[in-house]
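Okay, model_8.pdb is below, PDB, C-alpha atoms:
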```
ATOM      1  CA  MET A   1     189.294  16.970 -61.066
ATOM      2  CA  ARG A   2     187.310  19.966 -59.902
ATOM      3  CA  THR A   3     183.581  20.102 -59.172
ATOM      4  CA  ASN A   4     181.592  22.961 -60.670
ATOM      5  CA  THR A   5     180.139  24.229 -57.402
ATOM      6  CA  THR A   6     177.922  26.771 -59.174
ATOM      7  CA  LYS A   7     176.284  24.029 -61.257
ATOM      8  CA  ALA A   8     175.855  21.921 -58.128
ATOM      9  CA  LYS A   9     174.128  24.788 -56.321
ATOM     10  CA  LEU A  10     171.806  25.395 -59.262
ATOM     11  CA  ASN A  11     170.875  21.715 -59.273
ATOM     12  CA  GLU A  12     170.115  22.020 -55.556
ATOM     13  CA  GLY A  13     167.624  24.802 -56.312
ATOM     14  CA  ARG A  14     169.771  27.645 -55.012
ATOM     15  CA  VAL A  15     170.302  31.130 -56.471
ATOM     16  CA  VAL A  16     173.889  31.862 -57.513
ATOM     17  CA  PHE A  17     175.620  35.229 -57.809
ATOM     18  CA  GLY A  18     178.568  36.231 -59.956
ATOM     19  CA  ALA A  19     180.711  39.308 -60.471
ATOM     20  CA  ILE A  20     181.497  40.515 -63.996
ATOM     21  CA  ILE A  21     185.207  41.294 -64.331
ATOM     22  CA  THR A  22     186.076  43.162 -67.504
ATOM     23  CA  ARG A  23     189.878  43.014 -67.595
ATOM     24  CA  TYR A  24     192.878  41.068 -66.309
ATOM     25  CA  ALA A  25     192.505  41.152 -62.530
ATOM     26  CA  PRO A  26     193.296  37.871 -60.713
ATOM     27  CA  ASP A  27     193.149  39.652 -57.367
ATOM     28  CA  MET A  28     189.538  40.671 -58.007
ATOM     29  CA  VAL A  29     188.698  37.048 -58.759
ATOM     30  CA  GLU A  30     190.232  36.067 -55.424
ATOM     31  CA  ILE A  31     188.436  38.837 -53.537
ATOM     32  CA  PHE A  32     185.019  37.803 -54.827
ATOM     33  CA  GLY A  33     185.827  34.220 -53.923
ATOM     34  CA  ALA A  34     186.757  35.313 -50.398
ATOM     35  CA  LEU A  35     183.539  37.341 -50.190
ATOM     36  CA  GLY A  36     181.477  34.243 -50.926
ATOM     37  CA  TYR A  37     180.314  34.922 -54.476
ATOM     38  CA  ASP A  38     179.573  31.758 -56.429
ATOM     39  CA  PHE A  39     181.260  32.563 -59.738
ATOM     40  CA  VAL A  40     183.074  35.208 -61.716
ATOM     41  CA  MET A  41     182.187  36.101 -65.281
ATOM     42  CA  ILE A  42     185.369  37.058 -67.105
ATOM     43  CA  ASP A  43     184.067  39.302 -69.865
ATOM     44  CA  CYS A  44     185.976  38.576 -73.061
ATOM     45  CA  GLU A  45     183.235  39.888 -75.333
ATOM     46  CA  HIS A  46     183.758  43.511 -74.279
ATOM     47  CA  GLY A  47     186.938  43.174 -72.230
ATOM     48  CA  PRO A  48     190.566  42.923 -73.457
ATOM     49  CA  ALA A  49     191.814  39.830 -71.579
ATOM     50  CA  SER A  50     193.948  37.430 -73.601
ATOM     51  CA  LEU A  51     193.674  33.646 -73.373
ATOM     52  CA  ASP A  52     196.837  33.492 -71.238
ATOM     53  CA  GLN A  53     195.337  36.069 -68.884
ATOM     54  CA  VAL A  54     192.069  34.136 -68.735
ATOM     55  CA  GLU A  55     194.024  31.039 -67.719
ATOM     56  CA  HIS A  56     195.713  32.905 -64.864
ATOM     57  CA  MET A  57     192.327  34.191 -63.680
ATOM     58  CA  VAL A  58     191.042  30.621 -63.753
ATOM     59  CA  ARG A  59     193.936  29.647 -61.477
ATOM     60  CA  ALA A  60     192.984  32.467 -59.104
ATOM     61  CA  ALA A  61     189.385  31.213 -59.081
ATOM     62  CA  GLU A  62     190.487  27.664 -58.310
ATOM     63  CA  SER A  63     192.619  28.830 -55.391
ATOM     64  CA  PHE A  64     189.664  30.690 -53.828
ATOM     65  CA  ASP A  65     186.947  28.122 -54.617
ATOM     66  CA  ILE A  66     184.888  30.270 -56.980
ATOM     67  CA  THR A  67     183.655  29.001 -60.352
ATOM     68  CA  PRO A  68     185.446  30.522 -63.369
ATOM     69  CA  ILE A  69     183.103  31.335 -66.256
ATOM     70  CA  ALA A  70     183.861  33.523 -69.273
ATOM     71  CA  ARG A  71     181.686  35.411 -71.695
ATOM     72  CA  ILE A  72     183.299  34.541 -75.006
ATOM     73  CA  PRO A  73     183.313  36.864 -78.024
ATOM     74  CA  ASP A  74     181.553  34.673 -80.609
ATOM     75  CA  HIS A  75     179.932  31.316 -81.401
ATOM     76  CA  SER A  76     182.718  29.585 -83.298
ATOM     77  CA  GLU A  77     183.818  26.074 -82.345
ATOM     78  CA  HIS A  78     187.407  27.319 -82.313
ATOM     79  CA  THR A  79     186.573  30.009 -79.754
ATOM     80  CA  VAL A  80     184.580  27.625 -77.554
ATOM     81  CA  LEU A  81     187.418  25.104 -77.586
ATOM     82  CA  ARG A  82     190.261  27.510 -76.864
ATOM     83  CA  PHE A  83     188.467  29.170 -73.939
ATOM     84  CA  LEU A  84     187.314  25.930 -72.318
ATOM     85  CA  ASP A  85     190.784  24.438 -72.676
ATOM     86  CA  ARG A  86     192.031  27.137 -70.312
ATOM     87  CA  GLY A  87     190.131  25.313 -67.542
ATOM     88  CA  LEU A  88     186.952  27.396 -67.481
ATOM     89  CA  GLN A  89     183.929  25.621 -66.046
ATOM     90  CA  GLY A  90     181.413  27.537 -68.097
ATOM     91  CA  ILE A  91     180.935  29.800 -71.090
ATOM     92  CA  ILE A  92     178.402  32.564 -71.612
ATOM     93  CA  VAL A  93     177.736  33.047 -75.310
ATOM     94  CA  PRO A  94     176.315  36.329 -76.652
ATOM     95  CA  HIS A  95     173.487  36.749 -79.158
ATOM     96  CA  VAL A  96     172.244  33.182 -79.417
ATOM     97  CA  ASN A  97     169.033  33.608 -81.376
ATOM     98  CA  THR A  98     168.001  30.161 -82.598
ATOM     99  CA  GLY A  99     167.784  26.610 -81.393
ATOM    100  CA  GLU A 100     170.296  25.585 -84.048
ATOM    101  CA  GLN A 101     172.861  28.061 -82.744
ATOM    102  CA  ALA A 102     172.334  26.937 -79.141
ATOM    103  CA  ALA A 103     172.648  23.267 -80.118
ATOM    104  CA  ALA A 104     175.888  23.860 -82.014
ATOM    105  CA  ILE A 105     177.414  25.663 -79.020
ATOM    106  CA  ALA A 106     176.327  22.935 -76.597
ATOM    107  CA  ARG A 107     177.917  20.250 -78.790
ATOM    108  CA  ALA A 108     181.126  22.251 -79.272
ATOM    109  CA  ALA A 109     181.487  22.548 -75.483
ATOM    110  CA  ARG A 110     181.284  18.806 -74.764
ATOM    111  CA  TYR A 111     183.229  15.721 -75.729
ATOM    112  CA  TYR A 112     181.857  12.576 -77.384
ATOM    113  CA  PRO A 113     179.200  11.205 -77.041
ATOM    114  CA  GLU A 114     177.447  14.482 -76.077
ATOM    115  CA  GLY A 115     179.412  16.620 -78.495
ATOM    116  CA  TYR A 116     182.501  16.923 -80.629
ATOM    117  CA  ARG A 117     184.849  19.099 -78.594
ATOM    118  CA  GLY A 118     188.432  18.490 -79.671
ATOM    119  CA  MET A 119     190.685  16.505 -77.375
ATOM    120  CA  GLY A 120     193.564  18.480 -75.901
ATOM    121  CA  GLY A 121     194.718  16.706 -72.746
ATOM    122  CA  GLY A 122     195.599  19.995 -71.044
ATOM    123  CA  ARG A 123     194.689  21.603 -67.761
ATOM    124  CA  ALA A 124     190.940  21.125 -68.293
ATOM    125  CA  GLN A 125     191.624  17.395 -67.855
ATOM    126  CA  ASP A 126     194.330  17.704 -65.178
ATOM    127  CA  TYR A 127     196.859  17.108 -67.957
ATOM    128  CA  GLY A 128     195.733  13.476 -68.099
ATOM    129  CA  ILE A 129     197.540  12.698 -64.829
ATOM    130  CA  GLY A 130     195.854  10.102 -62.654
ATOM    131  CA  VAL A 131     192.730   9.953 -64.788
ATOM    132  CA  SER A 132     191.828   8.081 -67.957
ATOM    133  CA  ARG A 133     190.657   9.904 -71.066
ATOM    134  CA  ASP A 134     187.140   8.498 -70.754
ATOM    135  CA  GLU A 135     186.928   9.452 -67.074
ATOM    136  CA  ALA A 136     188.193  12.958 -67.792
ATOM    137  CA  THR A 137     185.868  13.651 -70.708
ATOM    138  CA  ALA A 138     182.816  12.284 -68.896
ATOM    139  CA  TRP A 139     183.609  14.442 -65.858
ATOM    140  CA  VAL A 140     184.165  17.596 -67.899
ATOM    141  CA  ASN A 141     180.906  16.988 -69.789
ATOM    142  CA  SER A 142     179.017  16.683 -66.514
ATOM    143  CA  GLN A 143     180.533  19.822 -64.983
ATOM    144  CA  VAL A 144     180.566  22.395 -67.784
ATOM    145  CA  LEU A 145     177.907  25.111 -67.864
ATOM    146  CA  VAL A 146     176.771  26.262 -71.310
ATOM    147  CA  ILE A 147     174.957  29.576 -71.070
ATOM    148  CA  PRO A 148     173.415  31.081 -74.224
ATOM    149  CA  MET A 149     172.382  34.721 -73.928
ATOM    150  CA  VAL A 150     168.854  35.804 -74.763
ATOM    151  CA  GLU A 151     169.436  39.430 -75.714
ATOM    152  CA  ASP A 152     167.625  39.955 -79.002
ATOM    153  CA  VAL A 153     163.995  40.037 -80.072
ATOM    154  CA  GLU A 154     164.768  37.124 -82.398
ATOM    155  CA  ALA A 155     165.848  35.000 -79.428
ATOM    156  CA  VAL A 156     162.615  35.811 -77.605
ATOM    157  CA  ARG A 157     160.634  34.768 -80.682
ATOM    158  CA  ASN A 158     162.613  31.513 -80.894
ATOM    159  CA  LEU A 159     162.670  30.851 -77.165
ATOM    160  CA  ASP A 160     160.669  27.618 -77.361
ATOM    161  CA  ASP A 161     163.173  26.164 -79.837
ATOM    162  CA  ILE A 162     166.145  27.211 -77.701
ATOM    163  CA  LEU A 163     164.520  25.648 -74.646
ATOM    164  CA  GLN A 164     164.457  22.285 -76.424
ATOM    165  CA  VAL A 165     168.257  22.164 -76.696
ATOM    166  CA  SER A 166     169.860  19.519 -74.523
ATOM    167  CA  GLY A 167     173.070  20.845 -73.024
ATOM    168  CA  ALA A 168     172.025  24.500 -72.902
ATOM    169  CA  ASP A 169     172.027  24.796 -69.122
ATOM    170  CA  VAL A 170     171.222  28.435 -68.349
ATOM    171  CA  LEU A 171     169.496  30.955 -70.604
ATOM    172  CA  HIS A 172     170.870  34.340 -69.621
ATOM    173  CA  VAL A 173     168.652  37.359 -70.297
ATOM    174  CA  ALA A 174     170.576  40.603 -70.780
ATOM    175  CA  ALA A 175     168.626  43.800 -70.230
ATOM    176  CA  SER A 176     170.825  46.283 -72.106
ATOM    177  CA  ASP A 177     171.074  44.553 -75.472
ATOM    178  CA  LEU A 178     167.517  43.279 -75.229
ATOM    179  CA  GLY A 179     166.369  46.864 -74.730
ATOM    180  CA  GLN A 180     168.396  47.958 -77.739
ATOM    181  CA  SER A 181     166.866  45.168 -79.826
ATOM    182  CA  LEU A 182     163.424  46.309 -78.708
ATOM    183  CA  GLY A 183     164.181  49.818 -79.974
ATOM    184  CA  ASN A 184     165.365  51.369 -76.689
ATOM    185  CA  PRO A 185     161.958  51.688 -75.017
ATOM    186  CA  GLU A 186     161.480  52.788 -71.413
ATOM    187  CA  VAL A 187     163.136  50.578 -68.825
ATOM    188  CA  THR A 188     159.711  49.488 -67.609
ATOM    189  CA  GLU A 189     158.970  47.921 -71.011
ATOM    190  CA  VAL A 190     162.260  45.989 -71.008
ATOM    191  CA  ARG A 191     161.521  44.722 -67.512
ATOM    192  CA  ARG A 192     158.035  43.710 -68.621
ATOM    193  CA  VAL A 193     159.467  41.573 -71.428
ATOM    194  CA  MET A 194     161.989  40.060 -69.024
ATOM    195  CA  SER A 195     159.203  39.296 -66.550
ATOM    196  CA  GLU A 196     157.567  37.200 -69.266
ATOM    197  CA  VAL A 197     160.732  35.514 -70.517
ATOM    198  CA  ILE A 198     162.152  34.445 -67.149
ATOM    199  CA  PRO A 199     159.152  32.279 -66.093
ATOM    200  CA  ARG A 200     159.057  30.742 -69.580
ATOM    201  CA  ILE A 201     162.692  29.710 -69.233
ATOM    202  CA  ARG A 202     162.055  28.065 -65.861
ATOM    203  CA  ALA A 203     158.875  26.401 -67.104
ATOM    204  CA  GLY A 204     160.943  25.006 -69.984
ATOM    205  CA  GLY A 205     163.235  23.226 -67.552
ATOM    206  CA  LYS A 206     166.235  25.562 -67.804
ATOM    207  CA  PHE A 207     167.938  27.792 -65.282
ATOM    208  CA  ALA A 208     167.340  31.512 -65.877
ATOM    209  CA  GLY A 209     170.043  34.138 -65.729
ATOM    210  CA  VAL A 210     169.685  37.911 -65.499
ATOM    211  CA  GLY A 211     172.464  40.298 -66.481
ATOM    212  CA  GLY A 212     172.946  44.018 -66.764
ATOM    213  CA  ASN A 213     171.823  44.494 -63.188
ATOM    214  CA  ASN A 214     172.275  47.835 -61.465
ATOM    215  CA  PRO A 215     174.193  47.064 -58.239
ATOM    216  CA  ALA A 216     172.191  49.747 -56.468
ATOM    217  CA  ASP A 217     168.847  48.259 -57.514
ATOM    218  CA  THR A 218     168.683  45.373 -55.080
ATOM    219  CA  GLU A 219     164.871  45.443 -55.113
ATOM    220  CA  GLY A 220     164.871  45.033 -58.881
ATOM    221  CA  VAL A 221     167.241  42.061 -58.669
ATOM    222  CA  ALA A 222     165.062  40.509 -55.960
ATOM    223  CA  GLU A 223     162.044  40.949 -58.250
ATOM    224  CA  PHE A 224     163.792  39.001 -61.015
ATOM    225  CA  ILE A 225     164.660  36.253 -58.524
ATOM    226  CA  ASN A 226     161.036  36.095 -57.392
ATOM    227  CA  GLN A 227     160.076  35.627 -61.050
ATOM    228  CA  GLY A 228     162.370  32.604 -61.241
ATOM    229  CA  ALA A 229     165.852  33.914 -62.074
ATOM    230  CA  ASN A 230     168.539  31.944 -60.268
ATOM    231  CA  PHE A 231     171.790  32.946 -62.043
ATOM    232  CA  VAL A 232     172.578  36.601 -61.314
ATOM    233  CA  THR A 233     175.464  38.665 -62.661
ATOM    234  CA  VAL A 234     176.506  42.111 -61.482
ATOM    235  CA  SER A 235     179.349  44.422 -62.462
ATOM    236  CA  ALA A 236     182.395  44.245 -60.206
ATOM    237  CA  TRP A 237     183.278  47.817 -61.126
ATOM    238  CA  GLY A 238     179.715  48.901 -60.366
ATOM    239  CA  LEU A 239     180.008  47.395 -56.912
ATOM    240  CA  LEU A 240     183.342  49.161 -56.442
ATOM    241  CA  ARG A 241     181.837  52.473 -57.529
ATOM    242  CA  ILE A 242     178.945  52.168 -55.094
ATOM    243  CA  GLY A 243     181.295  51.360 -52.215
ATOM    244  CA  ALA A 244     183.549  54.287 -53.112
ATOM    245  CA  GLU A 245     180.624  56.699 -53.409
ATOM    246  CA  ASP A 246     179.106  55.536 -50.118
ATOM    247  CA  PHE A 247     182.422  55.962 -48.324
ATOM    248  CA  LEU A 248     182.869  59.570 -49.485
ATOM    249  CA  GLU A 249     179.249  60.447 -48.767
ATOM    250  CA  ASN A 250     179.296  58.921 -45.287
ATOM    251  CA  VAL A 251     182.621  60.482 -44.293
ATOM    252  CA  LYS A 252     181.567  63.938 -45.493
ATOM    253  CA  ALA A 253     178.248  63.595 -43.662
ATOM    254  CA  ALA A 254     180.119  62.752 -40.449
ATOM    255  CA  LEU A 255     182.283  65.906 -40.551
TER     256      LEU A 255
END
```

Structure rendered as structure tokens:
Amino acid sequence: MRTNTTKAKLNEGRVVFGAIITRYAPDMVEIFGALGYDFVMIDCEHGPASLDQVEHMVRAAESFDITPIARIPDHSEHTVLRFLDRGLQGIIVPHVNTGEQAAAIARAARYYPEGYRGMGGGRAQDYGIGVSRDEATAWVNSQVLVIPMVEDVEAVRNLDDILQVSGADVLHVAASDLGQSLGNPEVTEVRRVMSEVIPRIRAGGKFAGVGGNNPADTEGVAEFINQGANFVTVSAWGLLRIGAEDFLENVKAAL
């Protein structure tokens, strides 16, 4: 069964980087694996990928040694189960605003005795071939990453309760929706709130994620990392756009 290399790196104290892929694109998963990114975030909250397509992207991730994680569309046990049964090694869950919500998600993502995830015996457990049920469920429990998103004022208010939840591994702070929840203030105000939340997450014993990063703002990303963030997502299409723009600009400047 497969090791979650992103979780292992986090436990070693390293910073991990992932590309957000918004539609069915197994080749992009493979490319980011070849480039040395740690994980891909398959965005199924905003993106159109079906469960079958997610499973094929998971296969692409496995073949290029990059951790497959998906942002799922909602909190329901049914959704958590069906996505994880595709073989994903982590789920990012939007708009988790209370400790109770975070605890329910963490339990839905793990088998007994840590949770109540339904038994399926599919690809997440190597189809039960060469491994006992107890071995498979214990391994999956140890490898899965459960990542609630802190993207609302309510979540910031309830942060201490969310931090108490066993099994919530990374708290992922999303700038865009957090800014909207704050009333769309200046970017500097959103960053100020994030600069307070990130150290609180790390002080609470959790890994801290930052999303909504501008691929061109490498100094801003470095600032978040210096504050304690160690799980960083960036748009794959944003990276593509920057590369395309730089190419045109550099070629035209050379003429």

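Counting from atom CA of A:Lys206, the distance to atom CA of A:Leu163 is 7.1 Å.
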
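By chain and then residue number, the residues within 8 Å of stretch 190-194 of chain A are Val173, Ala175, Leu178, Gly179 and Leu182 of chain A, counting all atoms listed in the file and disregarding those fewer than 6 positions away in sequence.
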
key: Neighbour list for A:Ala109 as a PyMOL selection string, cut-off 8 Å, only C-alpha atoms, skip fewer than 5 positions in-chain   = chain A and resi 80-81+84+115-117+141+144+146

Counting only C-alpha atoms, the residue among A:Asn97, A:Thr3, A:Gln180, A:Ser195 that lies closest to A:Asp161 is A:Asn97

The PyMOL selection byres ((chain A and resi 61) around 10) applied to the shown file, residues as JSON, numbers by chain
{"A": [26, 27, 28, 29, 30, 31, 32, 33, 34, 39, 40, 55, 56, 57, 58, 59, 60, 62, 63, 64, 65, 66, 67, 68, 69, 88]}

Go ahead and write the residues just picked, C-alpha atoms, as an mmCIF file, in the coordinates of the input.
```cif
data_model
loop_
_atom_site.group_PDB
_atom_site.id
_atom_site.type_symbol
_atom_site.label_atom_id
_atom_site.label_comp_id
_atom_site.auth_asym_id
_atom_site.auth_seq_id
_atom_site.Cartn_x
_atom_site.Cartn_y
_atom_site.Cartn_z
ATOM 1 C CA PRO A 26 193.296 37.871 -60.713
ATOM 2 C CA ASP A 27 193.149 39.652 -57.367
ATOM 3 C CA MET A 28 189.538 40.671 -58.007
ATOM 4 C CA VAL A 29 188.698 37.048 -58.759
ATOM 5 C CA GLU A 30 190.232 36.067 -55.424
ATOM 6 C CA ILE A 31 188.436 38.837 -53.537
ATOM 7 C CA PHE A 32 185.019 37.803 -54.827
ATOM 8 C CA GLY A 33 185.827 34.220 -53.923
ATOM 9 C CA ALA A 34 186.757 35.313 -50.398
ATOM 10 C CA PHE A 39 181.260 32.563 -59.738
ATOM 11 C CA VAL A 40 183.074 35.208 -61.716
ATOM 12 C CA GLU A 55 194.024 31.039 -67.719
ATOM 13 C CA HIS A 56 195.713 32.905 -64.864
ATOM 14 C CA MET A 57 192.327 34.191 -63.680
ATOM 15 C CA VAL A 58 191.042 30.621 -63.753
ATOM 16 C CA ARG A 59 193.936 29.647 -61.477
ATOM 17 C CA ALA A 60 192.984 32.467 -59.104
ATOM 18 C CA GLU A 62 190.487 27.664 -58.310
ATOM 19 C CA SER A 63 192.619 28.830 -55.391
ATOM 20 C CA PHE A 64 189.664 30.690 -53.828
ATOM 21 C CA ASP A 65 186.947 28.122 -54.617
ATOM 22 C CA ILE A 66 184.888 30.270 -56.980
ATOM 23 C CA THR A 67 183.655 29.001 -60.352
ATOM 24 C CA PRO A 68 185.446 30.522 -63.369
ATOM 25 C CA ILE A 69 183.103 31.335 -66.256
ATOM 26 C CA LEU A 88 186.952 27.396 -67.481
#
```

- Resolved residues for the PyMOL selection byres ((chain A and resi 167) around 12) as a PyMOL selection string: chain A and resi 90+99+102-111+114-115+141-148+162-166+168-171+205-207

Save out the residues we just selected, C-alpha atoms, as a tab-separated table (two decimals), keeping the file's coordinate frame.
```tsv
chain	number	residue	atom	x	y	z
A	90	GLY	CA	181.41	27.54	-68.10
A	99	GLY	CA	167.78	26.61	-81.39
A	102	ALA	CA	172.33	26.94	-79.14
A	103	ALA	CA	172.65	23.27	-80.12
A	104	ALA	CA	175.89	23.86	-82.01
A	105	ILE	CA	177.41	25.66	-79.02
A	106	ALA	CA	176.33	22.94	-76.60
A	107	ARG	CA	177.92	20.25	-78.79
A	108	ALA	CA	181.13	22.25	-79.27
A	109	ALA	CA	181.49	22.55	-75.48
A	110	ARG	CA	181.28	18.81	-74.76
A	111	TYR	CA	183.23	15.72	-75.73
A	114	GLU	CA	177.45	14.48	-76.08
A	115	GLY	CA	179.41	16.62	-78.50
A	141	ASN	CA	180.91	16.99	-69.79
A	142	SER	CA	179.02	16.68	-66.51
A	143	GLN	CA	180.53	19.82	-64.98
A	144	VAL	CA	180.57	22.40	-67.78
A	145	LEU	CA	177.91	25.11	-67.86
A	146	VAL	CA	176.77	26.26	-71.31
A	147	ILE	CA	174.96	29.58	-71.07
A	148	PRO	CA	173.42	31.08	-74.22
A	162	ILE	CA	166.14	27.21	-77.70
A	163	LEU	CA	164.52	25.65	-74.65
A	164	GLN	CA	164.46	22.28	-76.42
A	165	VAL	CA	168.26	22.16	-76.70
A	166	SER	CA	169.86	19.52	-74.52
A	168	ALA	CA	172.02	24.50	-72.90
A	169	ASP	CA	172.03	24.80	-69.12
A	170	VAL	CA	171.22	28.44	-68.35
A	171	LEU	CA	169.50	30.96	-70.60
A	205	GLY	CA	163.24	23.23	-67.55
A	206	LYS	CA	166.24	25.56	-67.80
A	207	PHE	CA	167.94	27.79	-65.28
```

If you apply the PyMOL selection byres ((chain A and resi 229-237) around 9) to this file, what residues do you get, as a PyMOL selection string?
-> chain A and resi 10+13-22+28+32+39-41+170+172+198-199+201-202+207-215+221+223-228+238-242

Emit the selected residues as a PDB file, in the coordinates of the input, including C-alpha atoms.
```pdb
ATOM      1  CA  LEU A  10     171.806  25.395 -59.262  1.00  0.00           C
ATOM      2  CA  GLY A  13     167.624  24.802 -56.312  1.00  0.00           C
ATOM      3  CA  ARG A  14     169.771  27.645 -55.012  1.00  0.00           C
ATOM      4  CA  VAL A  15     170.302  31.130 -56.471  1.00  0.00           C
ATOM      5  CA  VAL A  16     173.889  31.862 -57.513  1.00  0.00           C
ATOM      6  CA  PHE A  17     175.620  35.229 -57.809  1.00  0.00           C
ATOM      7  CA  GLY A  18     178.568  36.231 -59.956  1.00  0.00           C
ATOM      8  CA  ALA A  19     180.711  39.308 -60.471  1.00  0.00           C
ATOM      9  CA  ILE A  20     181.497  40.515 -63.996  1.00  0.00           C
ATOM     10  CA  ILE A  21     185.207  41.294 -64.331  1.00  0.00           C
ATOM     11  CA  THR A  22     186.076  43.162 -67.504  1.00  0.00           C
ATOM     12  CA  MET A  28     189.538  40.671 -58.007  1.00  0.00           C
ATOM     13  CA  PHE A  32     185.019  37.803 -54.827  1.00  0.00           C
ATOM     14  CA  PHE A  39     181.260  32.563 -59.738  1.00  0.00           C
ATOM     15  CA  VAL A  40     183.074  35.208 -61.716  1.00  0.00           C
ATOM     16  CA  MET A  41     182.187  36.101 -65.281  1.00  0.00           C
ATOM     17  CA  VAL A 170     171.222  28.435 -68.349  1.00  0.00           C
ATOM     18  CA  HIS A 172     170.870  34.340 -69.621  1.00  0.00           C
ATOM     19  CA  ILE A 198     162.152  34.445 -67.149  1.00  0.00           C
ATOM     20  CA  PRO A 199     159.152  32.279 -66.093  1.00  0.00           C
ATOM     21  CA  ILE A 201     162.692  29.710 -69.233  1.00  0.00           C
ATOM     22  CA  ARG A 202     162.055  28.065 -65.861  1.00  0.00           C
ATOM     23  CA  PHE A 207     167.938  27.792 -65.282  1.00  0.00           C
ATOM     24  CA  ALA A 208     167.340  31.512 -65.877  1.00  0.00           C
ATOM     25  CA  GLY A 209     170.043  34.138 -65.729  1.00  0.00           C
ATOM     26  CA  VAL A 210     169.685  37.911 -65.499  1.00  0.00           C
ATOM     27  CA  GLY A 211     172.464  40.298 -66.481  1.00  0.00           C
ATOM     28  CA  GLY A 212     172.946  44.018 -66.764  1.00  0.00           C
ATOM     29  CA  ASN A 213     171.823  44.494 -63.188  1.00  0.00           C
ATOM     30  CA  ASN A 214     172.275  47.835 -61.465  1.00  0.00           C
ATOM     31  CA  PRO A 215     174.193  47.064 -58.239  1.00  0.00           C
ATOM     32  CA  VAL A 221     167.241  42.061 -58.669  1.00  0.00           C
ATOM     33  CA  GLU A 223     162.044  40.949 -58.250  1.00  0.00           C
ATOM     34  CA  PHE A 224     163.792  39.001 -61.015  1.00  0.00           C
ATOM     35  CA  ILE A 225     164.660  36.253 -58.524  1.00  0.00           C
ATOM     36  CA  ASN A 226     161.036  36.095 -57.392  1.00  0.00           C
ATOM     37  CA  GLN A 227     160.076  35.627 -61.050  1.00  0.00           C
ATOM     38  CA  GLY A 228     162.370  32.604 -61.241  1.00  0.00           C
ATOM     39  CA  GLY A 238     179.715  48.901 -60.366  1.00  0.00           C
ATOM     40  CA  LEU A 239     180.008  47.395 -56.912  1.00  0.00           C
ATOM     41  CA  LEU A 240     183.342  49.161 -56.442  1.00  0.00           C
ATOM     42  CA  ARG A 241     181.837  52.473 -57.529  1.00  0.00           C
ATOM     43  CA  ILE A 242     178.945  52.168 -55.094  1.00  0.00           C
TER      44      ILE A 242
END
```

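The space separating atom CA of A:Thr137 from atom CA of A:Ile72 comes to 21.5 Å.
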
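Rounded to one decimal, atom CA of A:Tyr127 and atom CA of A:Arg71 lie 24.1 Å from each other.
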
Would you mind listing what lies within 7 Å of A:Arg123 as a PDB file with C-alpha atoms, in the coordinates of the input, with all atoms listed in the file counted and same-chain residues fewer than 5 positions away left out?
```
ATOM      1  CA  ASP A  85     190.784  24.438 -72.676  1.00  0.00           C
ATOM      2  CA  ARG A  86     192.031  27.137 -70.312  1.00  0.00           C
ATOM      3  CA  GLY A  87     190.131  25.313 -67.542  1.00  0.00           C
TER       4      GLY A  87
END
```

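When only C-alpha atoms are used to measure the gap to A:Met149, the shortest distance among A:Ser176, A:Ser132, A:Thr5, A:Ser50 belongs to A:Ser176.
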
Exercise. Could you name the residues that touch A:Arg23 at 7 Å or less, counting all atoms listed in the file, but leaving out those on the same chain fewer than 2 positions away, as a PyMOL selection string?
Worked result: chain A and resi 21+25+47-49

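Distance cut-off 10 Å, centre (183.0, 39.7, -80.7), atoms counted all atoms listed in the file; the residues meeting this are Cys44, Glu45, His46, Gly47, Ile72, Pro73, Asp74, His75 and Pro94 of chain A.
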
Taking C-alpha atoms for each residue, export the selection above as a JSON list (two decimals), in the frame of the given file.
```json
[["chain", "number", "residue", "atom", "x", "y", "z"],
["A", 44, "CYS", "CA", 185.98, 38.58, -73.06],
["A", 45, "GLU", "CA", 183.24, 39.89, -75.33],
["A", 46, "HIS", "CA", 183.76, 43.51, -74.28],
["A", 47, "GLY", "CA", 186.94, 43.17, -72.23],
["A", 72, "ILE", "CA", 183.30, 34.54, -75.01],
["A", 73, "PRO", "CA", 183.31, 36.86, -78.02],
["A", 74, "ASP", "CA", 181.55, 34.67, -80.61],
["A", 75, "HIS", "CA", 179.93, 31.32, -81.40],
["A", 94, "PRO", "CA", 176.32, 36.33, -76.65]]
```

Would you compute, for all listed atoms of stretch 220-234 of chain A, the axis-aligned bounding box grown by 6 Å on each side, and then report its centre and edge lengths in Å rounded to one decimal, as lines of an AutoDock Vina configuration file?
```
center_x = 168.3
center_y = 38.5
center_z = -59.3
size_x = 28.4
size_y = 25.1
size_z = 18.7
```
